Amino acid sequence: MSGTTGRPRQLSLDLPFRTALSRGDFAVAECNALAVGWIDRWPDWPGAGLILHGPEGCGKSHLAAVWQASSGAVALNGGALDLETGRDLAERGGALLLEDVDTRLAAVPAWQEALLHLYNAVRLAGGSLLMTARSLPGAWPVDLPDLRSRIAALPAAGIALPDDRLLETVMRKQFGDRQLTVPPETVRYVLPRIERSFAAIRVFVDRIDRLALERRRKIGRDLAAEVLKRTGRPALPADSVEGDEHGPGA
């Protein structure tokens with residue numbers, strides 16, 4: 001190849017991979033046990049619905065998918081017309097899933113009226129409505145008094161920030177979803193050097209997967225260090241992490 005030296009880089013293709021979203025694939029820990037308990041409790045919820053809230057990537061969508069599979073719920077995209085269509089299902093006592101409610105309310109304040117009508121239809125018909133959000137229900141941008149009171153009456157379960165054990169489990173799961181085998185010492189090397197969020201882990205796994213494909217190399221500590229450097233995370237002393245392995249490709 002003209003003007004190039006060394007090993008050719010392989011083109012990274014956006015090939016689809018299947019994310020495992022069954023109940024058995026969800027790692028239960030102290031930070032999410034309450035939310036998991038509520039999902040497992042359905043259909044014996046005390047009211048017409050449930051609110052799951054927590055930071056981006058904390059597992060809300062995974063739990064919502066678990067509930068959707070068990071309840072046969074229809075997922076609504078959140079537009080006003082979609083909510084109107086959802087009312088027909090709600091009036092027949094069906095189960096409905098509505099994600100990112102706080103974000104949608106902030107983007108379209110007029111959406112409040114449609115949401116109120118949808119909730120009323122669910123309650124009157126004896127159906128179920130699962131809503132997810134990043135913020136606490138009390139912080140949602142709701143001006144409509146009737147909607148505010150309905151939201152306040154619903155049980156809400158939060159998912160807190162993960163501990164080290166759960167972060168490791170989630171990272172291993174995300175590698176497993178892509179059918180990637182990664183040495184345990186590489187995972188232990190990454191965890192104290194990465195932002196403590198599920199979203200950061202998802203981004204990291206995606207980036208190192210692409211880099212490994214481009215370089216035609218197995219995922220190890222050297223590639224992990226390169227990806228971490230690109231994300232701007234500060235490096236830790238090599239001897240500051242218990243259990244680090246310093247061999248090549250660890």
# chains A, B, ... in the order shown; residues from 1 in each chain; ligands from 1

$ residues_around --residues "Leu83 (chain A)" --least-positions-apart "4" --cutoff "9 Å" --atoms "only C-alpha atoms" --output "list in words"
Leu76, Asn77, Gly78, Gly79, Arg87, Trp111, Ala114, Leu115, His117 and Leu118 of chain A

$ residues_around --residues "region 36-48 of chain A" --least-positions-apart "3" --cutoff "7 Å" --atoms "only C-alpha atoms" --output "ChimeraX atom specification"
/A:32-33,67,122-123,126-129,154

$ residues_around --residues "Ile51 (chain A)" --least-positions-apart "3" --cutoff "10 Å" --atoms "only C-alpha atoms" --output "JSON, numbers by chain"
{"A": [35, 38, 60, 98, 99, 101, 129, 130, 131, 132, 133, 136, 137, 151, 154, 155, 156, 157, 158]}

$ write_last_selection --atoms "C-alpha atoms" --output "mmCIF file, in the first residue's frame"
data_model
loop_
_atom_site.group_PDB
_atom_site.id
_atom_site.type_symbol
_atom_site.label_atom_id
_atom_site.label_comp_id
_atom_site.auth_asym_id
_atom_site.auth_seq_id
_atom_site.Cartn_x
_atom_site.Cartn_y
_atom_site.Cartn_z
ATOM 1 C CA ALA A 35 -36.742 -1.840 41.749
ATOM 2 C CA TRP A 38 -41.404 -4.161 42.277
ATOM 3 C CA LYS A 60 -34.124 0.947 33.809
ATOM 4 C CA LEU A 98 -43.535 4.668 28.649
ATOM 5 C CA GLU A 99 -39.827 5.497 28.971
ATOM 6 C CA VAL A 101 -41.039 10.509 30.838
ATOM 7 C CA LEU A 129 -48.523 1.648 33.251
ATOM 8 C CA LEU A 130 -44.772 1.471 33.797
ATOM 9 C CA MET A 131 -42.913 4.771 33.423
ATOM 10 C CA THR A 132 -39.149 5.323 33.539
ATOM 11 C CA ALA A 133 -37.255 8.546 34.159
ATOM 12 C CA LEU A 136 -37.305 11.738 40.912
ATOM 13 C CA PRO A 137 -41.033 12.105 40.116
ATOM 14 C CA ILE A 151 -47.789 10.980 39.639
ATOM 15 C CA LEU A 154 -47.810 6.184 42.168
ATOM 16 C CA PRO A 155 -45.170 4.012 43.833
ATOM 17 C CA ALA A 156 -41.661 4.897 42.714
ATOM 18 C CA ALA A 157 -38.524 2.786 42.899
ATOM 19 C CA GLY A 158 -35.080 4.253 42.407
#

$ residues_around --residues "Ser149 (chain A)" --least-positions-apart "6" --cutoff "12 Å" --atoms "only C-alpha atoms" --output "PyMOL selection string"
chain A and resi 116+119-120+137-138+142-143

$ write_last_selection --atoms "C-alpha atoms" --output "PDB file, in the first residue's frame"
ATOM      1  CA  LEU A 116     -53.060  12.603  32.111  1.00  0.00           C
ATOM      2  CA  TYR A 119     -53.120   7.459  32.954  1.00  0.00           C
ATOM      3  CA  ASN A 120     -56.808   7.962  33.746  1.00  0.00           C
ATOM      4  CA  PRO A 137     -41.033  12.105  40.116  1.00  0.00           C
ATOM      5  CA  GLY A 138     -41.251  15.205  42.295  1.00  0.00           C
ATOM      6  CA  VAL A 142     -45.358  19.131  35.577  1.00  0.00           C
ATOM      7  CA  ASP A 143     -47.618  22.182  35.824  1.00  0.00           C
TER       8      ASP A 143
END

$ select_by_dssp --residues "region 160-208 of chain A" --states "helix (DSSP H, G or I)" --output "PyMOL selection string"
chain A and resi 164-177+184-193+198-208

$ write_last_selection --atoms "C-alpha atoms" --output "PDB file, in the first residue's frame"
ATOM      1  CA  ASP A 164     -17.720  -2.262  42.379  1.00  0.00           C
ATOM      2  CA  ARG A 165     -19.146  -5.756  42.280  1.00  0.00           C
ATOM      3  CA  LEU A 166     -22.117  -4.712  40.176  1.00  0.00           C
ATOM      4  CA  LEU A 167     -19.962  -2.598  37.849  1.00  0.00           C
ATOM      5  CA  GLU A 168     -17.791  -5.646  37.203  1.00  0.00           C
ATOM      6  CA  THR A 169     -20.828  -7.833  36.554  1.00  0.00           C
ATOM      7  CA  VAL A 170     -22.282  -5.285  34.124  1.00  0.00           C
ATOM      8  CA  MET A 171     -18.999  -4.915  32.260  1.00  0.00           C
ATOM      9  CA  ARG A 172     -18.658  -8.688  31.911  1.00  0.00           C
ATOM     10  CA  LYS A 173     -22.243  -8.902  30.675  1.00  0.00           C
ATOM     11  CA  GLN A 174     -21.659  -6.238  28.046  1.00  0.00           C
ATOM     12  CA  PHE A 175     -18.579  -8.050  26.798  1.00  0.00           C
ATOM     13  CA  GLY A 176     -20.587 -11.273  26.816  1.00  0.00           C
ATOM     14  CA  ASP A 177     -23.370  -9.675  24.779  1.00  0.00           C
ATOM     15  CA  PRO A 184     -10.536 -10.873  34.528  1.00  0.00           C
ATOM     16  CA  GLU A 185      -7.393  -8.834  35.287  1.00  0.00           C
ATOM     17  CA  THR A 186      -8.234  -6.482  32.420  1.00  0.00           C
ATOM     18  CA  VAL A 187     -11.660  -5.806  33.883  1.00  0.00           C
ATOM     19  CA  ARG A 188     -10.101  -5.197  37.315  1.00  0.00           C
ATOM     20  CA  TYR A 189      -7.646  -2.786  35.716  1.00  0.00           C
ATOM     21  CA  VAL A 190     -10.400  -0.753  34.056  1.00  0.00           C
ATOM     22  CA  LEU A 191     -12.927  -0.426  36.884  1.00  0.00           C
ATOM     23  CA  PRO A 192     -11.061   2.020  39.175  1.00  0.00           C
ATOM     24  CA  ARG A 193     -10.073   4.115  36.162  1.00  0.00           C
ATOM     25  CA  PHE A 198     -23.383   2.090  33.447  1.00  0.00           C
ATOM     26  CA  ALA A 199     -23.357   4.547  30.561  1.00  0.00           C
ATOM     27  CA  ALA A 200     -19.569   4.936  30.780  1.00  0.00           C
ATOM     28  CA  ILE A 201     -19.110   1.170  30.798  1.00  0.00           C
ATOM     29  CA  ARG A 202     -21.307   0.824  27.716  1.00  0.00           C
ATOM     30  CA  VAL A 203     -19.256   3.452  25.846  1.00  0.00           C
ATOM     31  CA  PHE A 204     -15.964   1.880  26.937  1.00  0.00           C
ATOM     32  CA  VAL A 205     -16.966  -1.619  25.822  1.00  0.00           C
ATOM     33  CA  ASP A 206     -18.109  -0.303  22.449  1.00  0.00           C
ATOM     34  CA  ARG A 207     -14.876   1.622  21.882  1.00  0.00           C
ATOM     35  CA  ILE A 208     -12.509  -1.165  22.889  1.00  0.00           C
TER      36      ILE A 208
END
